[in-house]
Every structure is written in C-alpha cells, then in structure tokens.
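Structure below is entry37.txt: compact mmCIF, C-alpha atoms.
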# COMPACT_ATOMS: atom_id res chain seq x y z
CA MET T 1 30.95 -6.38 1.19
CA SER T 2 33.45 -4.20 -0.67
CA ARG T 3 33.18 -3.09 -4.25
CA LEU T 4 36.02 -2.69 -6.71
CA ILE T 5 36.02 0.81 -8.09
CA THR T 6 37.45 1.20 -11.58
CA ILE T 7 39.04 4.54 -12.32
CA PRO T 8 38.86 5.41 -16.01
CA THR T 9 42.11 6.20 -17.80
CA THR T 10 42.69 9.78 -18.86
CA ASP T 11 44.93 9.02 -21.86
CA GLY T 12 47.74 11.30 -20.70
CA VAL T 13 45.48 14.23 -19.85
CA GLY T 14 45.63 15.80 -16.41
CA PRO T 15 48.27 15.81 -13.68
CA ASP T 16 50.74 12.92 -13.62
CA TYR T 17 51.28 12.66 -9.88
CA ALA T 18 53.16 9.36 -10.20
CA ALA T 19 55.72 10.83 -12.62
CA ALA T 20 56.27 13.82 -10.34
CA ARG T 21 56.85 11.62 -7.30
CA ALA T 22 59.13 9.29 -9.29
CA ALA T 23 61.33 12.22 -10.41
CA LEU T 24 61.78 13.41 -6.81
CA VAL T 25 62.47 9.91 -5.49
CA GLN T 26 65.01 9.26 -8.25
CA GLN T 27 66.92 12.41 -7.27
CA LEU T 28 66.91 11.28 -3.64
CA GLN T 29 68.07 7.75 -4.48
CA GLN T 30 71.12 9.15 -6.27
CA ILE T 31 72.55 10.26 -2.93
CA THR T 32 73.18 6.65 -1.95
CA THR T 33 76.41 6.84 -3.95
CA ASP T 34 77.65 9.49 -1.51
CA PHE T 35 76.01 7.87 1.54
CA PRO T 36 75.79 4.12 0.87
CA ASP T 37 74.75 3.30 4.45
CA LEU T 38 71.86 5.76 4.51
CA ASP T 39 68.45 4.11 4.70
CA ILE T 40 65.62 5.77 2.80
CA GLU T 41 62.19 4.78 4.09
CA TYR T 42 58.86 5.26 2.31
CA ALA T 43 56.48 3.18 4.44
CA ASP T 44 54.81 4.57 7.52
CA PRO T 45 55.36 3.59 10.27
CA VAL T 46 59.11 2.99 10.14
CA ASP T 47 60.37 0.09 12.27
CA THR T 48 62.92 1.98 14.37
CA ASP T 49 64.18 -1.29 15.87
CA THR T 50 65.60 -2.47 12.53
CA VAL T 51 66.47 0.72 10.65
CA SER T 52 69.99 2.16 10.74
CA SER T 53 70.93 5.64 11.90
CA PRO T 54 70.64 8.06 10.27
CA PHE T 55 67.71 7.41 7.96
CA VAL T 56 65.44 9.59 5.84
CA PHE T 57 61.66 9.18 5.83
CA VAL T 58 60.04 10.46 2.63
CA ASP T 59 56.59 11.92 2.08
CA VAL T 60 54.98 13.85 -0.78
CA ARG T 61 52.22 16.35 -0.08
CA TRP T 62 50.06 17.78 -2.83
CA ASP T 63 49.48 21.35 -1.71
CA HIS T 64 47.30 22.99 -4.37
CA SER T 65 46.93 23.63 -8.09
CA LYS T 66 45.82 26.38 -10.40
CA SER T 67 44.75 26.73 -13.98
CA THR T 68 47.39 28.22 -16.26
CA GLY T 69 44.94 29.11 -18.99
CA VAL T 70 41.30 29.60 -19.80
CA GLY T 71 38.70 27.01 -20.67
CA VAL T 72 37.82 23.44 -19.86
CA ASN T 73 41.07 22.02 -21.28
CA ALA T 74 43.40 24.59 -19.72
CA ASN T 75 46.72 23.36 -18.43
CA GLN T 76 47.13 22.96 -14.69
CA ARG T 77 50.12 23.79 -12.46
CA VAL T 78 50.32 21.49 -9.46
CA TYR T 79 52.23 22.56 -6.34
CA GLY T 80 53.55 20.19 -3.71
CA SER T 81 56.08 19.63 -0.97
CA PHE T 82 58.63 16.85 -0.91
CA ILE T 83 59.14 16.20 2.80
CA LEU T 84 62.42 14.64 3.90
CA ASN T 85 62.49 13.75 7.59
CA ILE T 86 66.04 13.09 8.73
CA PHE T 87 66.23 10.82 11.78
CA ASN T 88 69.34 10.27 13.89
CA LEU T 89 69.71 8.21 17.06
CA GLN T 90 70.28 10.52 20.01
CA GLY T 91 73.96 10.50 20.97
CA SER T 92 75.07 8.76 17.77
CA THR T 93 78.32 9.65 16.06
CA GLY T 94 78.96 9.70 12.34
CA LEU T 95 76.87 11.53 9.79
CA SER T 96 75.03 14.33 11.55
CA SER T 97 71.53 15.51 10.71
CA ASN T 98 72.88 19.02 10.08
CA ASN T 99 75.41 17.79 7.51
CA LEU T 100 72.74 15.71 5.79
CA LEU T 101 70.30 18.64 5.89
CA LYS T 102 72.88 20.87 4.18
CA TYR T 103 73.70 18.21 1.59
CA LEU T 104 70.04 17.55 0.75
CA THR T 105 69.30 21.27 0.56
CA MET T 106 72.01 21.71 -2.08
CA ARG T 107 70.91 18.53 -3.89
CA PHE T 108 67.31 19.76 -4.31
CA ARG T 109 67.70 23.56 -4.56
CA ASN T 110 66.25 25.01 -7.77
CA LYS T 111 66.46 21.81 -9.83
CA THR T 112 64.64 20.79 -12.97
CA LEU T 113 63.83 17.09 -12.60
CA ALA T 114 61.49 16.53 -15.52
CA PRO T 115 58.57 16.99 -15.10
CA VAL T 116 59.21 18.62 -11.70
CA VAL T 117 60.83 21.95 -10.85
CA THR T 118 61.98 22.43 -7.26
CA THR T 119 62.50 25.75 -5.50
CA ASN T 120 64.39 26.61 -2.30
CA PRO T 121 64.24 23.88 0.37
CA MET T 122 63.64 25.05 3.91
CA PRO T 123 63.99 23.48 7.34
CA GLY T 124 60.74 22.34 8.86
CA LYS T 125 59.80 20.84 12.20
CA SER T 126 62.36 19.26 14.50
CA ASP T 127 61.56 16.83 17.28
CA SER T 128 63.09 14.43 19.79
CA ARG T 129 61.27 11.33 21.00
CA HIS T 130 61.84 7.68 21.78
CA GLY T 131 65.61 8.06 21.46
CA TRP T 132 65.53 9.68 18.01
CA ASP T 133 66.14 13.27 16.89
CA SER T 134 64.39 14.34 13.70
CA GLN T 135 64.72 17.32 11.41
CA GLU T 136 62.39 17.98 8.52
CA LEU T 137 63.46 19.44 5.18
CA VAL T 138 60.62 20.77 3.03
CA VAL T 139 61.33 20.90 -0.71
CA PRO T 140 58.65 22.94 -2.52
CA PHE T 141 58.04 21.90 -6.13
CA TRP T 142 55.66 22.32 -9.04
CA PHE T 143 54.88 20.68 -12.32
CA ASP T 144 52.57 21.42 -15.24
CA SER T 145 49.99 19.10 -16.68
CA ILE T 146 48.23 19.23 -20.01
CA GLY T 147 44.49 19.81 -20.03

Same coordinates, now as structure tokens:
Amino acid sequence: MSRLITIPTTDGVGPDYAAARAALVQQLQQITTDFPDLDIEYADPVDTDTVSSPFVFVDVRWDHSKSTGVGVNANQRVYGSFILNIFNLQGSTGLSSNNLLKYLTMRFRNKTLAPVVTTNPMPGKSDSRHGWDSQELVVPFWFDSIG
C-alpha cells in the first residue's frame, strides 16, 4: 500500500529549481527557429527508432549549493549543470554534431537567463553505440534563492 506524501509549500522561500530549469529549457527551445528539424528530447529513454537525426537529449543536474550569508534565513546559491547530449546517426549528412556543439556553446556562454546565470560551456563525454554518435555539452550555471 502506498501513501501520498504532501510536501508543504514554502511561500517563495528557498531554491526555485523549476524556474531555473524552465529558464534553461526556454533558451534551448529558441534554437528551433534556426534548426526547425532538430528534435529536443527530455524523456529517458529516447526511442531512437522514431526520433530524427540529429537530436538533443536534455538533463539538468543539481551539483551543490552554498550559503551566501549568515544565519538560518541566509540566501543560498545553487550550482548545476545543464547537460545537452547531441546525438547524430553514424554516417548521416546534414547538420553535424560539431556545428551544433559550436552553436550551442555560443548560445549558452555567459548568459543571464533570469533567474539563472550560465558560465562557459565545455565539451563532455563522447560515445558511439547502436549506430549513434553522441557528444555531450556541459553548461555550468548558478542561481540565487532567498532564505
């Protein structure tokens, strides 16, 4: 038997993880004007039989946080990584992973996307399996929360 757990509201106090993620996703979704055929996937696992090439798989990782003041109600700075995994079918022509990596790097480098501030994106892991090549772009970011 499962129980429903009710999480009390915080009335705007504490980190707003949803707002941070929404700001990053909104910035990413704006690229569809430049790349209308690019699929952006948020659900894991991605159905590689139905998705187009290339596509970007998105993940947000909450890395750590620190207090930016003293006391119980001190503000908190939350650090995270916006992970963009670029997938391309092996041997495909068209938009290359390298071109997309460069474009996304410039799109996210040192941006203020209220409430999020991004820093310098960096290439992450690359892999080849099941007919797909992948290249990760890691976009470090932070945001401040109140009390």

Shortest interatomic distance to Gly94 (chain T) - which of T:Val25, T:Ala20, T:Met106, T:Leu38, counting all atoms listed in the file
T:Leu38

d(CA of Gln135 (chain T), CA of Ala23 (chain T)) in Å:
22.7 Å

Which one is closest to Asn110 (chain T): T:Leu89, T:Val139, T:Tyr42, T:Ser96? Count all atoms listed in the file.
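Distance minimum relative to Asn110 (chain T) lands on T:Val139.
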
For each of T:Phe87, T:Tyr79, T:Trp62, T:Trp142, take the minimum atom-to-atom distance to Leu100 (chain T), counting all atoms listed in the file, then give the residue where this is smallest.
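Among T:Phe87, T:Tyr79, T:Trp62, T:Trp142, it is T:Phe87 that comes nearest to Leu100 (chain T).
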
Taking 2 positions as the minimum chain separation for residues in the same chain, which residues sit within 7 Å of region 69-75 of chain T when counting all atoms listed in the file? Answer as a VMD selection string.
chain T and resid 67 77 144 to 147

Residues near Gln29 (chain T), anyone? I mean within 10 Å using all atoms listed in the file, not counting same-chain ones fewer than 5 positions away, as a PyMOL selection string.
chain T and resi 24+35+38-40

Expressed in Å, the length from CA of Thr50 (chain T) to CA of Arg129 (chain T) is 16.8 Å
